[in-house]
Each structure stands twice: as structure tokens, then as C-alpha cells.
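start.json follows (JSON, C-alpha atoms):
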[["chain", "number", "residue", "atom", "x", "y", "z"],
["A", 19, "MET", "CA", 10.49, -37.29, 19.03],
["A", 20, "PRO", "CA", 10.59, -33.81, 17.52],
["A", 21, "ARG", "CA", 8.13, -31.28, 18.85],
["A", 22, "ARG", "CA", 5.17, -30.76, 16.54],
["A", 23, "THR", "CA", 4.66, -27.20, 15.42],
["A", 24, "VAL", "CA", 2.04, -25.31, 13.49],
["A", 25, "GLU", "CA", 4.71, -24.08, 11.02],
["A", 26, "PRO", "CA", 4.08, -26.56, 8.15],
["A", 27, "PHE", "CA", 0.39, -25.65, 8.15],
["A", 28, "VAL", "CA", 1.17, -21.93, 8.04],
["A", 29, "TRP", "CA", 3.61, -22.50, 5.18],
["A", 30, "LEU", "CA", 0.86, -24.35, 3.31],
["A", 31, "LEU", "CA", -1.50, -21.39, 3.74],
["A", 32, "PHE", "CA", 1.33, -19.04, 2.77],
["A", 33, "SER", "CA", 1.83, -20.97, -0.44],
["A", 34, "GLY", "CA", -1.89, -21.10, -1.20],
["A", 35, "GLY", "CA", -2.12, -17.37, -0.57],
["A", 36, "GLY", "CA", 0.81, -16.79, -2.90],
["A", 37, "VAL", "CA", -0.97, -18.62, -5.72],
["A", 38, "ALA", "CA", -4.28, -16.85, -5.05],
["A", 39, "ALA", "CA", -2.58, -13.44, -4.93],
["A", 40, "ALA", "CA", -0.59, -14.13, -8.11],
["A", 41, "LEU", "CA", -3.59, -15.29, -10.14],
["A", 42, "VAL", "CA", -6.37, -12.97, -8.98],
["A", 43, "LEU", "CA", -4.94, -9.70, -7.66],
["A", 44, "PRO", "CA", -3.01, -8.26, -10.66],
["A", 45, "VAL", "CA", -6.01, -8.00, -12.98],
["A", 46, "LEU", "CA", -8.28, -6.60, -10.24],
["A", 47, "LEU", "CA", -5.67, -3.98, -9.36],
["A", 48, "VAL", "CA", -5.24, -3.02, -13.03],
["A", 49, "LEU", "CA", -9.02, -2.65, -13.41],
["A", 50, "PHE", "CA", -10.00, -0.92, -10.18],
["A", 51, "GLY", "CA", -6.72, 0.82, -9.36],
["A", 52, "LEU", "CA", -5.78, 2.19, -12.77],
["A", 53, "ALA", "CA", -8.11, 1.46, -15.71],
["A", 54, "LEU", "CA", -11.36, 2.74, -14.18],
["A", 55, "PRO", "CA", -9.97, 5.77, -12.27],
["A", 56, "LEU", "CA", -7.92, 6.88, -15.31],
["A", 57, "GLY", "CA", -10.89, 6.41, -17.63],
["A", 58, "TRP", "CA", -9.24, 3.78, -19.86],
["A", 59, "ILE", "CA", -12.51, 1.88, -19.71],
["A", 60, "ALA", "CA", -15.99, 3.02, -18.66],
["A", 61, "ALA", "CA", -16.79, 2.17, -15.04],
["A", 62, "PRO", "CA", -19.32, -0.67, -14.77],
["A", 63, "ASP", "CA", -22.59, 0.53, -13.30],
["A", 64, "HIS", "CA", -23.42, -0.07, -9.66],
["A", 65, "ALA", "CA", -26.23, -2.58, -10.28],
["A", 66, "HIS", "CA", -23.94, -4.80, -12.37],
["A", 67, "LEU", "CA", -21.19, -4.89, -9.72],
["A", 68, "LEU", "CA", -23.72, -5.52, -6.97],
["A", 69, "GLY", "CA", -25.13, -8.42, -8.97],
["A", 70, "VAL", "CA", -21.67, -9.92, -9.45],
["A", 71, "LEU", "CA", -20.86, -9.51, -5.74],
["A", 72, "ARG", "CA", -24.14, -11.13, -4.66],
["A", 73, "ASN", "CA", -23.41, -14.31, -6.58],
["A", 74, "PRO", "CA", -22.61, -17.02, -3.99],
["A", 75, "LEU", "CA", -19.55, -18.14, -5.95],
["A", 76, "THR", "CA", -18.16, -14.59, -6.02],
["A", 77, "ARG", "CA", -18.76, -14.22, -2.30],
["A", 78, "LEU", "CA", -17.03, -17.47, -1.44],
["A", 79, "GLY", "CA", -14.22, -16.98, -3.94],
["A", 80, "LEU", "CA", -13.44, -13.44, -2.79],
["A", 81, "VAL", "CA", -13.48, -14.35, 0.91],
["A", 82, "VAL", "CA", -11.09, -17.26, 0.25],
["A", 83, "VAL", "CA", -8.78, -15.13, -1.88],
["A", 84, "CYS", "CA", -8.77, -12.26, 0.65],
["A", 85, "ALA", "CA", -8.14, -14.56, 3.63],
["A", 86, "LEU", "CA", -5.38, -16.56, 1.92],
["A", 87, "ALA", "CA", -3.68, -13.44, 0.55],
["A", 88, "LEU", "CA", -3.74, -11.85, 4.02],
["A", 89, "VAL", "CA", -2.22, -14.96, 5.63],
["A", 90, "HIS", "CA", 0.40, -14.88, 2.88],
["A", 91, "TRP", "CA", 1.14, -11.25, 3.81],
["A", 92, "ALA", "CA", 1.25, -12.04, 7.51],
["A", 93, "HIS", "CA", 3.67, -14.93, 7.17],
["A", 94, "ARG", "CA", 5.98, -13.18, 4.74],
["A", 95, "PHE", "CA", 5.90, -9.78, 6.43],
["A", 96, "ARG", "CA", 6.70, -11.43, 9.76],
["A", 97, "TYR", "CA", 10.01, -12.66, 8.41],
["A", 98, "THR", "CA", 10.61, -9.44, 6.49],
["A", 99, "LEU", "CA", 10.44, -7.55, 9.79],
["A", 100, "LEU", "CA", 12.43, -10.13, 11.76],
["A", 101, "ASP", "CA", 15.25, -10.56, 9.21],
["A", 102, "GLY", "CA", 15.11, -7.31, 7.27],
["A", 103, "LEU", "CA", 14.94, -4.99, 10.25],
["A", 104, "GLN", "CA", 16.60, -7.32, 12.79],
["A", 105, "LEU", "CA", 13.60, -7.41, 15.10],
["A", 106, "HIS", "CA", 14.05, -10.98, 16.38],
["A", 107, "ARG", "CA", 13.68, -9.69, 19.93],
["A", 108, "TYR", "CA", 10.08, -8.68, 19.23],
["A", 109, "ASP", "CA", 9.01, -11.94, 17.60],
["A", 110, "ARG", "CA", 5.91, -12.33, 19.78],
["A", 111, "LEU", "CA", 4.68, -8.81, 19.14],
["A", 112, "VAL", "CA", 5.35, -9.16, 15.39],
["A", 113, "VAL", "CA", 3.51, -12.50, 15.31],
["A", 114, "ALA", "CA", 0.52, -11.01, 17.15],
["A", 115, "VAL", "CA", 0.32, -7.98, 14.84],
["A", 116, "CYS", "CA", 0.78, -9.96, 11.61],
["A", 117, "TYR", "CA", -1.49, -12.97, 12.15],
["A", 118, "GLY", "CA", -3.93, -10.88, 14.20],
["A", 119, "GLY", "CA", -4.17, -8.41, 11.33],
["A", 120, "ALA", "CA", -4.74, -11.21, 8.83],
["A", 121, "LEU", "CA", -7.47, -12.70, 11.02],
["A", 122, "ALA", "CA", -9.19, -9.33, 11.47],
["A", 123, "GLY", "CA", -9.04, -8.67, 7.71],
["A", 124, "SER", "CA", -10.49, -12.09, 6.93],
["A", 125, "VAL", "CA", -13.37, -11.60, 9.35],
["A", 126, "LEU", "CA", -14.03, -8.17, 7.83],
["A", 127, "ALA", "CA", -14.01, -9.66, 4.31],
["A", 128, "ALA", "CA", -16.49, -12.36, 5.35],
["A", 129, "TYR", "CA", -18.73, -9.75, 6.99],
["A", 130, "LEU", "CA", -18.64, -7.43, 3.96],
["A", 131, "LEU", "CA", -19.31, -10.18, 1.43],
["A", 132, "PHE", "CA", -21.87, -12.27, 3.32],
["A", 133, "VAL", "CA", -23.68, -9.64, 5.44],
["A", 134, "ALA", "CA", -23.18, -6.13, 4.06],
["A", 135, "VAL", "CA", -23.45, -6.76, 0.30],
["B", 3, "MET", "CA", 27.15, -30.44, 27.48],
["B", 4, "SER", "CA", 23.76, -28.87, 27.71],
["B", 5, "SER", "CA", 25.18, -25.56, 28.88],
["B", 6, "GLN", "CA", 27.59, -25.64, 25.92],
["B", 7, "LEU", "CA", 24.69, -26.23, 23.58],
["B", 8, "SER", "CA", 22.63, -23.41, 24.98],
["B", 9, "SER", "CA", 25.57, -21.01, 24.87],
["B", 10, "ALA", "CA", 26.16, -22.03, 21.26],
["B", 11, "ARG", "CA", 22.52, -21.26, 20.52],
["B", 12, "LEU", "CA", 22.81, -17.89, 22.15],
["B", 13, "TYR", "CA", 25.63, -16.80, 19.86],
["B", 14, "LYS", "CA", 24.15, -14.07, 17.73],
["B", 15, "PRO", "CA", 26.47, -12.30, 15.32],
["B", 16, "LYS", "CA", 25.70, -8.63, 14.79],
["B", 17, "VAL", "CA", 24.14, -7.94, 11.42],
["B", 18, "PRO", "CA", 23.95, -4.38, 10.12],
["B", 19, "LEU", "CA", 20.44, -3.03, 9.61],
["B", 20, "LEU", "CA", 20.89, -2.48, 5.88],
["B", 21, "TRP", "CA", 22.70, -5.78, 5.14],
["B", 22, "TRP", "CA", 20.40, -6.39, 2.20],
["B", 23, "LEU", "CA", 21.74, -3.39, 0.25],
["B", 24, "SER", "CA", 25.20, -4.92, -0.06],
["B", 25, "ARG", "CA", 24.31, -7.23, -2.94],
["B", 26, "ARG", "CA", 21.84, -7.08, -5.81],
["B", 27, "SER", "CA", 20.50, -10.55, -5.07],
["B", 28, "TYR", "CA", 19.94, -9.61, -1.42],
["B", 29, "THR", "CA", 18.12, -6.43, -2.47],
["B", 30, "MET", "CA", 15.91, -8.40, -4.86],
["B", 31, "PHE", "CA", 15.18, -10.84, -2.04],
["B", 32, "VAL", "CA", 13.99, -8.05, 0.26],
["B", 33, "LEU", "CA", 11.97, -6.37, -2.52],
["B", 34, "ARG", "CA", 10.29, -9.71, -3.18],
["B", 35, "GLU", "CA", 9.56, -10.06, 0.52],
["B", 36, "LEU", "CA", 8.17, -6.50, 0.59],
["B", 37, "SER", "CA", 5.74, -7.41, -2.21],
["B", 38, "SER", "CA", 3.55, -8.98, 0.49],
["B", 39, "VAL", "CA", 2.80, -5.50, 1.86],
["B", 40, "PHE", "CA", 1.32, -4.52, -1.50],
["B", 41, "VAL", "CA", -0.59, -7.80, -1.69],
["B", 42, "ALA", "CA", -2.18, -6.82, 1.63],
["B", 43, "TRP", "CA", -2.83, -3.26, 0.38],
["B", 44, "THR", "CA", -4.60, -4.64, -2.70],
["B", 45, "VAL", "CA", -6.88, -6.71, -0.46],
["B", 46, "VAL", "CA", -7.64, -3.64, 1.68],
["B", 47, "TYR", "CA", -8.36, -1.57, -1.44],
["B", 48, "LEU", "CA", -10.72, -4.23, -2.81],
["B", 49, "LEU", "CA", -12.51, -4.45, 0.55],
["B", 50, "LEU", "CA", -13.00, -0.65, 0.49],
["B", 51, "LEU", "CA", -14.49, -0.99, -2.99],
["B", 52, "ILE", "CA", -16.81, -3.80, -1.86],
["B", 53, "ARG", "CA", -17.90, -1.73, 1.14],
["B", 54, "ALA", "CA", -18.65, 1.24, -1.14],
["B", 55, "VAL", "CA", -20.68, -0.94, -3.54],
["B", 56, "SER", "CA", -22.63, -2.44, -0.63],
["B", 57, "ARG", "CA", -23.60, 1.06, 0.55],
["B", 58, "GLY", "CA", -25.27, 2.09, -2.69],
["B", 59, "PRO", "CA", -24.67, 3.93, -5.99],
["B", 60, "ALA", "CA", -23.73, 7.28, -4.39],
["B", 61, "GLU", "CA", -21.03, 5.71, -2.23],
["B", 62, "TYR", "CA", -19.73, 3.77, -5.26],
["B", 63, "GLN", "CA", -19.41, 7.03, -7.20],
["B", 64, "ARG", "CA", -17.57, 8.58, -4.27],
["B", 65, "PHE", "CA", -15.17, 5.64, -4.24],
["B", 66, "LEU", "CA", -14.48, 6.05, -7.98],
["B", 67, "HIS", "CA", -13.84, 9.77, -7.43],
["B", 68, "TRP", "CA", -11.49, 9.00, -4.52],
["B", 69, "ALA", "CA", -9.72, 6.31, -6.55],
["B", 70, "ALA", "CA", -8.81, 8.95, -9.14],
["B", 71, "SER", "CA", -6.75, 10.99, -6.63],
["B", 72, "PRO", "CA", -3.21, 11.34, -7.99],
["B", 73, "TRP", "CA", -1.54, 9.91, -4.86],
["B", 74, "LEU", "CA", -3.78, 6.86, -5.00],
["B", 75, "ILE", "CA", -3.03, 6.30, -8.70],
["B", 76, "VAL", "CA", 0.70, 6.44, -7.88],
["B", 77, "LEU", "CA", 0.27, 4.09, -4.92],
["B", 78, "ASN", "CA", -1.71, 1.62, -7.00],
["B", 79, "ALA", "CA", 0.83, 1.76, -9.84],
["B", 80, "VAL", "CA", 3.63, 0.95, -7.36],
["B", 81, "ALA", "CA", 1.45, -1.77, -5.82],
["B", 82, "LEU", "CA", 0.85, -3.24, -9.28],
["B", 83, "ALA", "CA", 4.60, -3.39, -9.92],
["B", 84, "PHE", "CA", 5.13, -5.29, -6.67],
["B", 85, "VAL", "CA", 2.13, -7.59, -7.18],
["B", 86, "LEU", "CA", 3.46, -8.44, -10.65],
["B", 87, "LEU", "CA", 6.93, -9.02, -9.17],
["B", 88, "HIS", "CA", 5.25, -11.39, -6.73],
["B", 89, "ALA", "CA", 3.28, -13.17, -9.46],
["B", 90, "ILE", "CA", 6.30, -13.60, -11.76],
["B", 91, "THR", "CA", 8.71, -14.77, -9.06],
["B", 92, "PHE", "CA", 6.06, -17.10, -7.61],
["B", 93, "VAL", "CA", 5.37, -18.73, -10.97],
["B", 94, "ASN", "CA", 9.07, -19.04, -11.80],
["B", 95, "LEU", "CA", 9.81, -20.60, -8.42],
["B", 96, "THR", "CA", 7.03, -23.18, -8.57],
["B", 97, "PRO", "CA", 8.91, -25.74, -10.76],
["B", 98, "GLN", "CA", 11.75, -25.71, -8.22],
["B", 99, "ALA", "CA", 9.42, -26.10, -5.25],
["B", 100, "MET", "CA", 7.11, -28.73, -6.76],
["B", 101, "ALA", "CA", 7.87, -31.85, -8.78],
["B", 102, "VAL", "CA", 4.75, -32.57, -10.80],
["B", 103, "ARG", "CA", 4.63, -36.05, -12.34],
["B", 104, "VAL", "CA", 2.40, -37.24, -15.14],
["B", 105, "ARG", "CA", 2.50, -41.01, -15.80],
["B", 106, "GLY", "CA", 5.64, -41.35, -13.78],
["B", 107, "ARG", "CA", 7.53, -38.69, -15.72],
["B", 108, "ARG", "CA", 8.45, -35.36, -14.23],
["B", 109, "VAL", "CA", 6.86, -32.42, -16.03],
["B", 110, "PRO", "CA", 9.64, -30.12, -17.31],
["B", 111, "GLY", "CA", 9.92, -26.86, -15.34],
["B", 112, "ARG", "CA", 9.30, -24.66, -18.36],
["B", 113, "LEU", "CA", 6.10, -26.48, -19.20],
["B", 114, "LEU", "CA", 4.88, -26.16, -15.61],
["B", 115, "ALA", "CA", 5.69, -22.43, -15.44],
["B", 116, "GLY", "CA", 4.20, -21.95, -18.91],
["B", 117, "SER", "CA", 0.92, -23.56, -17.92],
["B", 118, "LEU", "CA", 0.81, -21.38, -14.81],
["B", 119, "TYR", "CA", 1.25, -18.25, -16.98],
["B", 120, "LEU", "CA", -1.53, -19.53, -19.22],
["B", 121, "THR", "CA", -3.74, -20.02, -16.13],
["B", 122, "LEU", "CA", -2.90, -16.46, -15.03],
["B", 123, "LEU", "CA", -3.93, -15.18, -18.47],
["B", 124, "LEU", "CA", -7.21, -17.14, -18.48],
["B", 125, "VAL", "CA", -8.13, -16.15, -14.91],
["B", 126, "SER", "CA", -7.36, -12.49, -15.72],
["B", 127, "ALA", "CA", -9.47, -12.58, -18.89],
["B", 128, "PHE", "CA", -12.37, -14.22, -17.06],
["B", 129, "LEU", "CA", -12.29, -11.71, -14.17],
["B", 130, "ALA", "CA", -12.04, -8.75, -16.56],
["B", 131, "TRP", "CA", -15.06, -10.10, -18.46],
["B", 132, "LEU", "CA", -16.93, -10.57, -15.18],
["B", 133, "VAL", "CA", -16.24, -6.99, -14.05],
["B", 134, "VAL", "CA", -16.68, -5.10, -17.31],
["B", 135, "GLY", "CA", -19.47, -7.38, -18.46]]

Output the structure of this file as C-alpha cells.
Amino acid sequence: MPRRTVEPFVWLLFSGGGVAAALVLPVLLVLFGLALPLGWIAAPDHAHLLGVLRNPLTRLGLVVVCALALVHWAHRFRYTLLDGLQLHRYDRLVVAVCYGGALAGSVLAAYLLFVAV
Amino acid sequence: MSSQLSSARLYKPKVPLLWWLSRRSYTMFVLRELSSVFVAWTVVYLLLLIRAVSRGPAEYQRFLHWAASPWLIVLNAVALAFVLLHAITFVNLTPQAMAVRVRGRRVPGRLLAGSLYLTLLLVSAFLAWLVVG
């Protein structure tokens, strides 16, 4: 019997993160990375953004998107490092840094959205 | 037999560090892989924005001022290019990775990709409306 691994589950999260990143991130980056700083559109006032962020659906949605997108990064970047830079020898370290980073980022996102805001 | 197998597994041909520059398709592959770094950066950037908003109007203004730094504009423009590369290649790949069936018939790839682009458009419009108000 073949050994069971966690790989299929990680690939599922990778795929989900890919969809979340593709659908949600471009428009947010256009708005907050370019359109507002360059003055293409007037920046929304603080009270409005705070209101949007305090909506339970926004909180949940953003935490899910952030966590999935970070797992997507971790899984893809792991293989980018291993194959692209020929770092197969350091697989364990790469795995720890990538998935550990994604986990830390997800916890931070949950804290920011459910405690700080 | 087992020693033969393990020695076969240990055979590792040497691959040059910049193997992916030798062909256009390889380079595109690595660029697509690198897009994940900019996906992660976008998440970090959004978390910084959320933190600033949570700390009050003054901190939000400081974030907006910081976001207008030329190096950050350049970084975000590059990040946008990679995030779009990710979005486009992900949508275009979906019909090959997933066979969606409706009433026993496979949905044509173009229709599937097209509906994903439509979803992208609708989600973007909704989020823009939510942010700008």
C-alpha cells in the first residue's frame, strides 16, 4: 500500500489560493497600490474603510483570501527555490521557512481583522 | 536489487543554475512561478493597510503618504504585472486541469475560461464599489 502523504491536501489549498489570488488581489492592488497613491481616484475616508473592514463578511473573506494566497505562495515558492535555484539539499529548511511564513502571516491576518480592527 | 534501486535513485544529473534561461518556455515557467512572491507581497501590503486603518485616521494618512513613495509605486506596478500574469495563466490553465460537466456534457474550455474572466470582472467591480463606495 502506498504511503499516505499530506501532498494532495496542500495541492488543494494551493489551487484554492491560486483562484482567490487571481480573483481578489489584482483589483485591490490597482486600487491601493496605484490608483489611490497616484491620485487617480480620491482616497476613501477612514471611517468608510473602517466600516467595511468591521463587517463580519469582510473580516472572514479577507482572512480566508490572505491565508489561502499565502499557502499558495508557500507551496509554489518552495518548488521555485528547489528547482529554480537547485536547492534540493535544503528541502527541510525551505519547507520550514515557506509554510512557517504562510502560517505566521495567516495568524497575523486573523489577529488584525478580528482583534485589532 | 534493493541496492541497485537506491543507487538508481541517488543518480542526480548536474543542472546548471540558470537552466531556465535557455528556452523562452522555461523562462516563462519560472516567471510564472515567481508570480507567487508578488502574490505574497500583495497580501503583506494589504495587511499593512489594514493595520494602519485599525490604528486610526492619522496612521491611515501616513500609510497613504508612504504608499505614494516612488519606489513603492514601482514595486506595486511590477507586482501588478506579476499578479495579472498569475491570474491570466491560472484562468487559461483551468480548463485543462478541470473537466466540468453539465448534464453529462463537458463544458468547452473556452466557455469555462470565459466564465472565469467574467467572474474576475464581476468580483473586481464589486470590490471597487465596496472600497470607493

>> Let me make sure I understand: among B:Trp68, B:Phe92, B:Tyr62, B:Phe31, which one has the smallest atom-to-atom distance to A:Ala65 if we use only C-alpha atoms?
In response: B:Tyr62

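Distances to chain A were evaluated for B:Ser37, B:Ser117, B:Ser56, B:Ser27 using all atoms listed in the file, and the minimum falls at B:Ser56.
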
> Between B:Gly135, B:Pro110, B:Gly116, B:Pro97, which one has atoms that come closest to chain A, using only C-alpha atoms?
Replying inline: B:Gly135

> What lies within 10 Å of A:Ala61 using all atoms listed in the file, ignoring chain neighbours under 3 positions off, as a list in words?
Replying inline: Leu49, Phe50, Ala53, Leu54, Pro55, Gly57, Trp58, His64 and Leu67 of chain A; Gln63, Leu66, Val133 and Val134 of chain B

>> Please identify all residues of chain A having at least one atom at most 7 Å from any atom of chain B, considering only C-alpha atoms, and return them as a VMD selection string.
In response: chain A and resid 39 to 42 44 to 45 47 51 to 52 55 to 56 62 64 67 to 68 84 87 to 88 91 94 to 95 98 103 to 104 127 130 134 to 135

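Counting from atom CA of A:Ala114, the distance to atom CA of A:Val89 is 12.5 Å.
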
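Taking atom CA of A:His93 as the reference point, atom CA of B:Leu114 is found at 25.4 Å.
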
Work out where the centre of an axis-aligned box around every listed atom of stretch 24-36 of chain A lies and how long its edges are once 4 Å is added on each side; give both in Å to one decimal as lines of an AutoDock Vina configuration file.
center_x = 1.3
center_y = -21.7
center_z = 5.3
size_x = 14.8
size_y = 17.8
size_z = 24.4

> What does the distance from atom CA of B:Ala115 to atom CA of A:Thr76 come to in Å, to one decimal?
Replying inline: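 Distance between the two atoms: 26.8 Å.
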